[in-house]
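Asker: Next comes query.cif, mmCIF, C-alpha atoms and all ligand atoms:
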data_input
#
loop_
_atom_site.group_PDB
_atom_site.id
_atom_site.type_symbol
_atom_site.label_atom_id
_atom_site.label_comp_id
_atom_site.auth_asym_id
_atom_site.auth_seq_id
_atom_site.Cartn_x
_atom_site.Cartn_y
_atom_site.Cartn_z
ATOM 1 C CA MET A 1300 9.565 19.191 9.831
ATOM 2 C CA THR A 1301 10.084 22.902 9.130
ATOM 3 C CA GLU A 1302 7.575 25.450 7.899
ATOM 4 C CA ASN A 1303 9.212 25.081 4.475
ATOM 5 C CA THR A 1304 8.381 21.377 4.274
ATOM 6 C CA PRO A 1305 5.897 21.015 1.414
ATOM 7 C CA ARG A 1306 2.631 19.072 1.517
ATOM 8 C CA ILE A 1307 3.236 15.774 -0.216
ATOM 9 C CA ALA A 1308 0.852 14.111 -2.684
ATOM 10 C CA VAL A 1309 1.061 10.647 -4.231
ATOM 11 C CA VAL A 1310 -0.722 10.299 -7.591
ATOM 12 C CA THR A 1311 -0.993 6.822 -9.095
ATOM 13 C CA GLY A 1312 -0.819 6.289 -12.866
ATOM 14 C CA ALA A 1313 0.614 9.762 -13.376
ATOM 15 C CA ASN A 1314 2.887 9.012 -16.327
ATOM 16 C CA ARG A 1315 0.037 10.006 -18.692
ATOM 17 C CA GLY A 1316 -3.613 11.013 -18.954
ATOM 18 C CA LEU A 1317 -5.594 12.290 -15.992
ATOM 19 C CA GLY A 1318 -2.862 11.284 -13.541
ATOM 20 C CA ARG A 1319 -0.248 13.345 -15.322
ATOM 21 C CA ALA A 1320 -2.574 16.379 -15.427
ATOM 22 C CA THR A 1321 -3.343 15.864 -11.724
ATOM 23 C CA ALA A 1322 0.335 15.673 -10.783
ATOM 24 C CA ARG A 1323 0.900 18.952 -12.632
ATOM 25 C CA ALA A 1324 -2.150 20.623 -11.063
ATOM 26 C CA LEU A 1325 -1.091 19.639 -7.535
ATOM 27 C CA ALA A 1326 2.505 20.747 -8.149
ATOM 28 C CA GLN A 1327 1.235 24.127 -9.397
ATOM 29 C CA ARG A 1328 -0.519 24.502 -6.043
ATOM 30 C CA GLY A 1329 2.683 23.844 -4.099
ATOM 31 C CA PHE A 1330 2.431 20.106 -3.431
ATOM 32 C CA ALA A 1331 5.560 18.021 -3.730
ATOM 33 C CA VAL A 1332 4.385 15.136 -5.905
ATOM 34 C CA VAL A 1333 5.266 11.466 -6.078
ATOM 35 C CA LEU A 1334 3.975 10.222 -9.378
ATOM 36 C CA THR A 1335 3.700 6.517 -9.891
ATOM 37 C CA TYR A 1336 4.094 4.702 -13.178
ATOM 38 C CA ARG A 1337 3.781 1.039 -14.058
ATOM 39 C CA GLY A 1338 6.039 0.432 -17.045
ATOM 40 C CA ASP A 1339 7.365 3.463 -18.873
ATOM 41 C CA ALA A 1340 10.040 5.050 -16.683
ATOM 42 C CA ASP A 1341 11.003 7.514 -19.438
ATOM 43 C CA GLU A 1342 7.440 8.812 -19.701
ATOM 44 C CA ALA A 1343 7.381 9.274 -15.915
ATOM 45 C CA SER A 1344 10.755 11.077 -15.986
ATOM 46 C CA ARG A 1345 9.400 13.468 -18.582
ATOM 47 C CA VAL A 1346 6.490 14.370 -16.287
ATOM 48 C CA VAL A 1347 8.935 14.893 -13.399
ATOM 49 C CA GLU A 1348 11.010 17.184 -15.638
ATOM 50 C CA GLU A 1349 7.911 19.113 -16.789
ATOM 51 C CA ILE A 1350 6.903 19.744 -13.180
ATOM 52 C CA ARG A 1351 10.399 20.809 -12.135
ATOM 53 C CA ALA A 1352 10.760 23.058 -15.197
ATOM 54 C CA ALA A 1353 7.532 24.793 -14.146
ATOM 55 C CA GLY A 1354 9.016 25.477 -10.690
ATOM 56 C CA GLY A 1355 7.462 22.543 -8.823
ATOM 57 C CA ASP A 1356 8.994 19.409 -7.382
ATOM 58 C CA ALA A 1357 8.304 15.739 -8.073
ATOM 59 C CA ILE A 1358 9.815 12.294 -8.058
ATOM 60 C CA ALA A 1359 8.664 9.101 -9.773
ATOM 61 C CA ALA A 1360 8.150 5.651 -8.271
ATOM 62 C CA ARG A 1361 7.250 2.361 -9.930
ATOM 63 C CA LEU A 1362 3.987 0.722 -8.850
ATOM 64 C CA ASP A 1363 1.867 -2.028 -10.390
ATOM 65 C CA LEU A 1364 -1.612 -1.949 -8.847
ATOM 66 C CA ALA A 1365 -2.196 -5.537 -9.911
ATOM 67 C CA ASP A 1366 0.751 -6.640 -7.733
ATOM 68 C CA VAL A 1367 -0.656 -6.198 -4.238
ATOM 69 C CA ALA A 1368 2.192 -8.269 -2.768
ATOM 70 C CA SER A 1369 4.608 -5.472 -3.725
ATOM 71 C CA PHE A 1370 2.778 -2.766 -1.731
ATOM 72 C CA ALA A 1371 4.675 -3.341 1.534
ATOM 73 C CA ASP A 1372 8.056 -2.829 -0.164
ATOM 74 C CA PHE A 1373 6.632 0.063 -2.189
ATOM 75 C CA THR A 1374 5.556 1.776 1.031
ATOM 76 C CA VAL A 1375 8.960 1.358 2.659
ATOM 77 C CA SER A 1376 10.824 2.779 -0.329
ATOM 78 C CA LEU A 1377 8.270 5.571 -0.808
ATOM 79 C CA ARG A 1378 8.745 6.713 2.792
ATOM 80 C CA ARG A 1379 12.521 6.553 2.431
ATOM 81 C CA ASP A 1380 12.496 8.508 -0.861
ATOM 82 C CA ILE A 1381 10.232 11.304 0.351
ATOM 83 C CA ASP A 1382 12.102 11.596 3.634
ATOM 84 C CA GLU A 1383 15.370 11.950 1.705
ATOM 85 C CA ARG A 1384 13.971 14.594 -0.632
ATOM 86 C CA TRP A 1385 11.519 16.548 1.534
ATOM 87 C CA GLY A 1386 12.614 15.842 5.092
ATOM 88 C CA ARG A 1387 9.743 13.746 6.424
ATOM 89 C CA PRO A 1388 8.340 10.312 5.574
ATOM 90 C CA GLY A 1389 4.587 11.056 5.764
ATOM 91 C CA ILE A 1390 2.170 11.987 2.988
ATOM 92 C CA ASP A 1391 -0.787 14.377 2.900
ATOM 93 C CA VAL A 1392 -2.784 13.398 -0.162
ATOM 94 C CA LEU A 1393 -3.251 10.139 -2.043
ATOM 95 C CA VAL A 1394 -4.937 10.247 -5.455
ATOM 96 C CA ASN A 1395 -5.955 6.769 -6.582
ATOM 97 C CA ASN A 1396 -6.125 7.552 -10.285
ATOM 98 C CA ALA A 1397 -4.574 4.493 -11.960
ATOM 99 C CA GLY A 1398 -7.174 2.230 -13.461
ATOM 100 C CA ILE A 1399 -8.231 0.319 -16.532
ATOM 101 C CA GLY A 1400 -11.340 0.322 -18.679
ATOM 102 C CA LEU A 1401 -12.490 -2.822 -20.432
ATOM 103 C CA PHE A 1402 -15.802 -2.594 -22.248
ATOM 104 C CA GLY A 1403 -17.992 -5.287 -23.795
ATOM 105 C CA ARG A 1404 -21.497 -6.623 -23.805
ATOM 106 C CA LEU A 1405 -22.687 -9.411 -21.520
ATOM 107 C CA GLU A 1406 -22.231 -12.156 -24.104
ATOM 108 C CA ASP A 1407 -18.633 -11.161 -24.832
ATOM 109 C CA ALA A 1408 -17.342 -10.613 -21.290
ATOM 110 C CA THR A 1409 -14.649 -12.998 -20.081
ATOM 111 C CA VAL A 1410 -13.504 -14.105 -16.655
ATOM 112 C CA ASP A 1411 -10.052 -12.672 -17.425
ATOM 113 C CA GLU A 1412 -11.552 -9.226 -18.098
ATOM 114 C CA PHE A 1413 -13.619 -9.454 -14.929
ATOM 115 C CA ASP A 1414 -10.544 -10.376 -12.887
ATOM 116 C CA ALA A 1415 -8.422 -7.637 -14.484
ATOM 117 C CA LEU A 1416 -11.018 -4.929 -13.788
ATOM 118 C CA ILE A 1417 -11.688 -5.990 -10.221
ATOM 119 C CA GLY A 1418 -8.011 -6.815 -9.607
ATOM 120 C CA THR A 1419 -6.766 -3.397 -10.713
ATOM 121 C CA ASN A 1420 -9.597 -0.968 -10.011
ATOM 122 C CA VAL A 1421 -10.914 -2.482 -6.769
ATOM 123 C CA ARG A 1422 -8.353 -4.834 -5.221
ATOM 124 C CA GLY A 1423 -5.365 -2.656 -6.108
ATOM 125 C CA THR A 1424 -7.031 0.576 -4.992
ATOM 126 C CA PHE A 1425 -8.301 -0.908 -1.712
ATOM 127 C CA PHE A 1426 -4.996 -2.446 -0.654
ATOM 128 C CA LEU A 1427 -2.993 0.613 -1.663
ATOM 129 C CA ILE A 1428 -5.205 2.649 0.662
ATOM 130 C CA GLN A 1429 -4.598 0.027 3.358
ATOM 131 C CA ALA A 1430 -0.820 0.322 2.830
ATOM 132 C CA LEU A 1431 -0.624 4.124 2.722
ATOM 133 C CA ALA A 1432 -3.401 5.335 5.044
ATOM 134 C CA PRO A 1433 -1.260 4.790 8.179
ATOM 135 C CA HIS A 1434 1.225 7.285 6.738
ATOM 136 C CA ILE A 1435 -1.311 10.041 5.973
ATOM 137 C CA GLY A 1436 -1.421 12.681 8.675
ATOM 138 C CA ALA A 1437 -4.406 14.516 10.183
ATOM 139 C CA GLY A 1438 -5.774 17.050 7.701
ATOM 140 C CA GLY A 1439 -4.804 14.777 4.835
ATOM 141 C CA GLY A 1440 -7.048 13.320 2.190
ATOM 142 C CA ILE A 1441 -7.652 10.494 -0.252
ATOM 143 C CA ILE A 1442 -9.310 10.986 -3.632
ATOM 144 C CA ASN A 1443 -10.440 7.939 -5.581
ATOM 145 C CA VAL A 1444 -11.113 8.296 -9.293
ATOM 146 C CA SER A 1445 -14.436 6.751 -10.287
ATOM 147 C CA THR A 1446 -16.510 7.516 -13.399
ATOM 148 C CA SER A 1447 -19.766 9.177 -14.448
ATOM 149 C CA LEU A 1448 -20.735 5.685 -15.680
ATOM 150 C CA THR A 1449 -21.755 4.765 -12.140
ATOM 151 C CA ARG A 1450 -24.696 7.169 -12.676
ATOM 152 C CA HIS A 1451 -25.677 6.785 -16.338
ATOM 153 C CA VAL A 1452 -25.734 3.563 -18.293
ATOM 154 C CA SER A 1453 -24.928 2.385 -21.793
ATOM 155 C CA PRO A 1454 -24.359 -1.061 -23.317
ATOM 156 C CA GLY A 1455 -20.977 -2.645 -22.662
ATOM 157 C CA THR A 1456 -20.176 -0.809 -19.450
ATOM 158 C CA SER A 1457 -21.475 -3.198 -16.767
ATOM 159 C CA LEU A 1458 -18.175 -4.586 -15.452
ATOM 160 C CA TYR A 1459 -16.252 -1.323 -15.639
ATOM 161 C CA ALA A 1460 -19.081 0.566 -13.918
ATOM 162 C CA ALA A 1461 -19.310 -2.158 -11.262
ATOM 163 C CA SER A 1462 -15.591 -1.869 -10.513
ATOM 164 C CA LYS A 1463 -15.916 1.901 -10.028
ATOM 165 C CA LYS A 1464 -19.162 1.610 -8.053
ATOM 166 C CA ALA A 1465 -17.181 -0.610 -5.678
ATOM 167 C CA VAL A 1466 -14.590 2.153 -5.373
ATOM 168 C CA GLU A 1467 -17.369 4.590 -4.459
ATOM 169 C CA ALA A 1468 -18.714 2.185 -1.816
ATOM 170 C CA ILE A 1469 -15.225 1.742 -0.372
ATOM 171 C CA THR A 1470 -14.867 5.525 -0.274
ATOM 172 C CA ARG A 1471 -18.045 6.067 1.754
ATOM 173 C CA ALA A 1472 -17.360 3.233 4.175
ATOM 174 C CA LEU A 1473 -13.745 4.242 4.788
ATOM 175 C CA ALA A 1474 -14.812 7.823 5.510
ATOM 176 C CA VAL A 1475 -16.104 6.647 8.894
ATOM 177 C CA GLU A 1476 -12.935 4.632 9.605
ATOM 178 C CA LEU A 1477 -10.510 7.385 8.617
ATOM 179 C CA GLY A 1478 -12.540 10.376 9.799
ATOM 180 C CA PRO A 1479 -11.529 10.008 13.462
ATOM 181 C CA ARG A 1480 -7.901 10.411 12.337
ATOM 182 C CA GLY A 1481 -8.795 13.657 10.514
ATOM 183 C CA ILE A 1482 -8.469 12.084 7.066
ATOM 184 C CA ARG A 1483 -11.039 12.921 4.384
ATOM 185 C CA ILE A 1484 -11.847 10.518 1.572
ATOM 186 C CA ASN A 1485 -13.928 11.318 -1.501
ATOM 187 C CA SER A 1486 -14.443 9.965 -4.980
ATOM 188 C CA ILE A 1487 -14.395 11.999 -8.140
ATOM 189 C CA ALA A 1488 -16.392 10.824 -11.134
ATOM 190 C CA PRO A 1489 -15.086 12.172 -14.458
ATOM 191 C CA GLY A 1490 -17.274 12.110 -17.512
ATOM 192 C CA PRO A 1491 -15.812 11.235 -20.917
ATOM 193 C CA THR A 1492 -12.390 12.910 -21.109
ATOM 194 C CA ALA A 1493 -9.906 13.065 -23.967
ATOM 195 C CA THR A 1494 -7.014 10.761 -22.979
ATOM 196 C CA ASP A 1495 -5.601 7.399 -24.141
ATOM 197 C CA PHE A 1496 -8.424 5.755 -22.172
ATOM 198 C CA ASN A 1497 -10.545 3.211 -24.087
ATOM 199 C CA GLY A 1498 -8.078 3.302 -26.979
ATOM 200 C CA GLY A 1499 -8.163 7.110 -27.102
ATOM 201 C CA ALA A 1500 -11.793 7.018 -28.326
ATOM 202 C CA MET A 1501 -12.900 10.169 -26.469
ATOM 203 C CA ARG A 1502 -9.970 12.056 -28.004
ATOM 204 C CA ASP A 1503 -9.688 10.562 -31.476
ATOM 205 C CA ASP A 1504 -13.139 9.335 -32.600
ATOM 206 C CA PRO A 1505 -14.999 12.374 -34.025
ATOM 207 C CA GLU A 1506 -18.319 10.508 -34.212
ATOM 208 C CA LEU A 1507 -18.179 9.447 -30.558
ATOM 209 C CA ARG A 1508 -17.013 12.900 -29.479
ATOM 210 C CA SER A 1509 -19.884 14.654 -31.210
ATOM 211 C CA SER A 1510 -22.467 12.162 -29.953
ATOM 212 C CA LEU A 1511 -21.184 12.593 -26.371
ATOM 213 C CA ALA A 1512 -21.076 16.380 -26.847
ATOM 214 C CA ALA A 1513 -24.719 16.350 -27.943
ATOM 215 C CA HIS A 1514 -25.648 14.663 -24.658
ATOM 216 C CA THR A 1515 -23.543 16.898 -22.425
ATOM 217 C CA ALA A 1516 -24.885 20.127 -20.916
ATOM 218 C CA LEU A 1517 -21.640 21.999 -21.584
ATOM 219 C CA GLY A 1518 -21.530 20.657 -25.136
ATOM 220 C CA ARG A 1519 -18.240 18.752 -25.419
ATOM 221 C CA VAL A 1520 -16.084 16.045 -23.819
ATOM 222 C CA GLY A 1521 -13.765 17.035 -20.978
ATOM 223 C CA ARG A 1522 -10.049 17.842 -21.007
ATOM 224 C CA PRO A 1523 -7.591 16.232 -18.560
ATOM 225 C CA ASP A 1524 -6.770 19.585 -16.928
ATOM 226 C CA GLU A 1525 -10.457 20.082 -16.088
ATOM 227 C CA ILE A 1526 -10.547 16.839 -14.103
ATOM 228 C CA ALA A 1527 -7.141 17.580 -12.572
ATOM 229 C CA ASP A 1528 -8.214 21.025 -11.334
ATOM 230 C CA ALA A 1529 -11.261 19.454 -9.686
ATOM 231 C CA ILE A 1530 -9.057 16.850 -7.961
ATOM 232 C CA ALA A 1531 -6.741 19.627 -6.766
ATOM 233 C CA ALA A 1532 -9.769 21.502 -5.427
ATOM 234 C CA LEU A 1533 -10.850 18.391 -3.515
ATOM 235 C CA ALA A 1534 -7.344 18.117 -2.074
ATOM 236 C CA SER A 1535 -7.324 21.719 -0.905
ATOM 237 C CA SER A 1536 -8.202 22.911 2.579
ATOM 238 C CA GLU A 1537 -11.054 24.949 1.070
ATOM 239 C CA LEU A 1538 -12.982 21.662 0.991
ATOM 240 C CA ARG A 1539 -11.793 20.484 4.421
ATOM 241 C CA TRP A 1540 -15.351 19.685 5.593
ATOM 242 C CA LEU A 1541 -16.119 17.436 2.595
ATOM 243 C CA THR A 1542 -15.795 13.700 3.067
ATOM 244 C CA ALA A 1543 -17.586 10.519 1.905
ATOM 245 C CA GLU A 1544 -18.844 12.325 -1.211
ATOM 246 C CA ARG A 1545 -18.966 11.437 -4.880
ATOM 247 C CA VAL A 1546 -18.233 14.535 -6.941
ATOM 248 C CA GLU A 1547 -19.054 14.235 -10.618
ATOM 249 C CA VAL A 1548 -17.030 16.332 -13.057
ATOM 250 C CA SER A 1549 -18.608 15.606 -16.390
ATOM 251 C CA GLY A 1550 -19.830 18.913 -17.805
ATOM 252 C CA GLY A 1551 -23.327 17.518 -17.260
ATOM 253 C CA THR A 1552 -23.047 14.316 -19.286
ATOM 254 C CA LEU A 1553 -26.235 12.367 -20.006
ATOM 255 C CA LEU A 1554 -28.354 14.234 -17.519
HETATM 256 N N1 LIG A 1601 -10.652 9.297 -19.695
HETATM 257 C C1 LIG A 1601 -11.912 9.131 -19.329
HETATM 258 O O1 LIG A 1601 -12.852 9.382 -20.106
HETATM 259 C C2 LIG A 1601 -12.235 8.662 -17.942
HETATM 260 C C3 LIG A 1601 -13.548 8.859 -17.486
HETATM 261 C C4 LIG A 1601 -13.891 8.434 -16.202
HETATM 262 C C5 LIG A 1601 -12.944 7.848 -15.400
HETATM 263 N N2 LIG A 1601 -11.677 7.661 -15.859
HETATM 264 C C6 LIG A 1601 -10.722 7.029 -14.931
HETATM 265 O O2 LIG A 1601 -9.640 7.919 -14.773
HETATM 266 C C7 LIG A 1601 -8.452 7.201 -14.451
HETATM 267 C C8 LIG A 1601 -7.338 7.638 -15.388
HETATM 268 O O3 LIG A 1601 -7.771 7.412 -16.702
HETATM 269 P P1 LIG A 1601 -7.071 8.056 -17.981
HETATM 270 O O4 LIG A 1601 -8.145 8.583 -18.832
HETATM 271 O O5 LIG A 1601 -5.931 8.910 -17.600
HETATM 272 O O6 LIG A 1601 -6.553 6.697 -18.655
HETATM 273 P P2 LIG A 1601 -5.174 6.322 -19.350
HETATM 274 O O7 LIG A 1601 -4.706 7.469 -20.195
HETATM 275 O O8 LIG A 1601 -5.446 4.998 -19.971
HETATM 276 O O9 LIG A 1601 -4.154 6.170 -18.125
HETATM 277 C C9 LIG A 1601 -4.338 5.147 -17.177
HETATM 278 C C10 LIG A 1601 -3.225 5.213 -16.172
HETATM 279 O O10 LIG A 1601 -3.428 4.144 -15.219
HETATM 280 C C11 LIG A 1601 -2.229 3.366 -15.179
HETATM 281 N N3 LIG A 1601 -2.479 1.963 -14.853
HETATM 282 C C12 LIG A 1601 -3.322 1.099 -15.457
HETATM 283 N N4 LIG A 1601 -3.214 -0.122 -14.896
HETATM 284 C C13 LIG A 1601 -2.281 -0.010 -13.919
HETATM 285 C C14 LIG A 1601 -1.716 -0.919 -12.992
HETATM 286 N N5 LIG A 1601 -2.055 -2.226 -12.949
HETATM 287 N N6 LIG A 1601 -0.776 -0.468 -12.127
HETATM 288 C C15 LIG A 1601 -0.401 0.829 -12.157
HETATM 289 N N7 LIG A 1601 -0.861 1.738 -13.023
HETATM 290 C C16 LIG A 1601 -1.807 1.313 -13.893
HETATM 291 C C17 LIG A 1601 -1.637 3.488 -16.570
HETATM 292 O O11 LIG A 1601 -0.280 3.094 -16.556
HETATM 293 P P3 LIG A 1601 0.432 2.574 -17.923
HETATM 294 O O12 LIG A 1601 0.841 3.803 -18.662
HETATM 295 O O13 LIG A 1601 1.549 1.756 -17.432
HETATM 296 O O14 LIG A 1601 -0.605 1.783 -18.673
HETATM 297 C C18 LIG A 1601 -1.846 4.981 -16.805
HETATM 298 O O15 LIG A 1601 -0.884 5.740 -16.131
HETATM 299 C C19 LIG A 1601 -8.823 5.719 -14.548
HETATM 300 O O16 LIG A 1601 -9.085 5.227 -13.251
HETATM 301 C C20 LIG A 1601 -10.098 5.735 -15.380
HETATM 302 O O17 LIG A 1601 -10.927 4.635 -15.092
HETATM 303 C C21 LIG A 1601 -11.307 8.057 -17.109
#
The structure in this file should be written as structure tokens.
Answerer:
Amino acid sequence: MTENTPRIAVVTGANRGLGRATARALAQRGFAVVLTYRGDADEASRVVEEIRAAGGDAIAARLDLADVASFADFTVSLRRDIDERWGRPGIDVLVNNAGIGLFGRLEDATVDEFDALIGTNVRGTFFLIQALAPHIGAGGGIINVSTSLTRHVSPGTSLYAASKKAVEAITRALAVELGPRGIRINSIAPGPTATDFNGGAMRDDPELRSSLAAHTALGRVGRPDEIADAIAALASSELRWLTAERVEVSGGTLL
């Protein structure tokens, strides 16, 4: 490794939404970024091109969080790809952003929805950390994306909130396992943010947007870059003494 070797960040689900904004924010701060995508390789390539056009560096890698059996092969090819491009196989930052939201009231919830939420948001996130943590060096960090819905409640959110509350519990418990290796782990809890999430409701439904805005201290829903900048701040050495925390970035939603 030379002094020119960049810090390397892996951001899951970075072909769109908060992950894409996070990949861009980290690249702007000098990280070399591996952005993962599940299905749309063209979308991922466009994000890679955007980052390179802005003077940063990135590559894309396919990853399905629901397919835990693929994580061993994913890890091997990830290490090979980053070694080829940046001259070392280790990573510095892992952002577990990829996730799904399924919302419905108690009487409508199905076992398939339960399994999908837990399978992707909890099982996938946990075992990806298990696969990649051995390759994160001292001074590195993990940031798990949760939600403000683990603090405030509304009808139809029980399973989604439970899946993210589990992520927060995993975060705190792993802080004491990873801390001795000099690895920090925190969760970030975005409030409602305008992306494709939940069918694009927070971006495209004016009624929902204005009702959320009325219950938010800063008076509107969030933008992806605002969450991404907070994730980049958590990844920076400025916050090197912060671990095991849940940081909410919601503009003061439903206080
Ligand atoms: N937007 C909000 O208001 C909000 C608020 C709080 C928390 N969050 C959380 O923030 C994270 C990102 O949300 P977003 O708003 O950017 O949502 P989004 O626009 O729906 O993007 C979700 C991302 O996760 C990926 N993903 C979903 N399932 C996956 C799987 N099985 N394997 C790999 N990738 C998978 C998607 O890939 P595909 O493109 O292949 O589907 C996509 O890249 C999620 O964890 C979400 O729960 C969002």
Asker: Using only C-alpha atoms and all ligand atoms, what are the residues with an atom within 6 Å of ligand LIG 1601 (chain A), set out as an NGL selection string?
Answerer: :A and (1312-1318 or 1336-1338 or 1362-1365 or 1396-1400 or 1419 or 1444-1446 or 1489-1496)
Asker: Taking 5 positions as the minimum chain separation for residues in the same chain, which residues sit within 12 Å of A:Ala1472 when counting all atoms listed in the file? Answer as a list of chain:residue names.
Answerer: A:Phe1425, A:Ala1465, A:Val1466, A:Glu1467, A:Leu1477, A:Gly1478, A:Arg1483, A:Ile1484, A:Asn1485, A:Ser1486, A:Thr1542, A:Ala1543, A:Glu1544
Asker: Could you tell me which residues the PyMOL selection byres (((chain A and resi 1432) around 10) and not hetatm) grabs in this file, written as a list in words?
Answerer: Gly1389, Ile1390, Asp1391, Val1392, Leu1393, Phe1426, Leu1427, Ile1428, Gln1429, Ala1430, Leu1431, Pro1433, His1434, Ile1435, Gly1436, Gly1439, Gly1440, Ile1441, Leu1477, Arg1480 and Ile1482 of chain A
Asker: Show me, as a ChimeraX atom specification, the residues that have an atom within 6 Å of A:Thr1552 when counting only C-alpha atoms, minus same-chain residues fewer than 3 positions from it.
Answerer: /A:1514-1515,1549
Asker: Output C-alpha atoms for every residue in the selection just made, as a PDB file, in the frame of the given file.
Answerer:
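Saved to result06.pdb:
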ATOM      1  CA  HIS A1514     -25.648  14.663 -24.658  1.00  0.00           C
ATOM      2  CA  THR A1515     -23.543  16.898 -22.425  1.00  0.00           C
ATOM      3  CA  SER A1549     -18.608  15.606 -16.390  1.00  0.00           C
TER       4      SER A1549
END
Asker: From the set A:Ala1326, A:Ala1360, A:Leu1507, A:Ala1531, which residue has the shortest atom-to-atom contact distance to A:Asp1341, counting only C-alpha atoms?
Answerer: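 Of the candidates, the smallest distance to A:Asp1341 is held by A:Ala1360.
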Asker: On this structure, which residues satisfy the PyMOL selection byres (((chain A and resi 1353) around 12) and not hetatm), written as a list of chain:residue names?
Answerer: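 Those residues are A:Arg1323, A:Ala1324, A:Ala1326, A:Gln1327, A:Arg1328, A:Gly1329, A:Val1346, A:Val1347, A:Glu1348, A:Glu1349, A:Ile1350, A:Arg1351, A:Ala1352, A:Gly1354, A:Gly1355, A:Asp1356, A:Ala1357.
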Asker: Interatomic distance between atom CA of A:Ala1308 and atom CA of A:Leu1325?
Answerer: 7.6 Å
Asker: Take the PyMOL selection byres (((chain A and resi 1402-1407) around 7) and not hetatm), run it mentally on this structure, and tell me the resulting residues as a list of chain:residue names.
Answerer: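 Evaluating the PyMOL selection byres (((chain A and resi 1402-1407) around 7) and not hetatm) on this file yields A:Gly1400, A:Leu1401, A:Ala1408, A:Thr1409, A:Pro1454, A:Gly1455, A:Thr1456, A:Tyr1459.
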Asker: Take every atom of stretch 1337-1340 of chain A listed in the file, pad by 5 Å on each side, and give me the axis-aligned box centre and edge lengths in Å, one decimal, as JSON.
Answerer:
{"center_x": 6.9, "center_y": 2.7, "center_z": -16.5, "size_x": 16.3, "size_y": 14.6, "size_z": 14.8}
Asker: Can you pull out every residue within 8 Å of A:Gly1550, counting only C-alpha atoms, but drop anything in the same chain fewer than 6 positions away, and send it as a ChimeraX atom specification?
Answerer: /A:1490,1515-1521
Asker: For atom CA of A:Glu1412 and atom CA of A:Glu1547, quote the distance in Å rounded to one decimal.
Answerer: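 For atom CA of A:Glu1412 relative to atom CA of A:Glu1547, the distance reads 25.7 Å.
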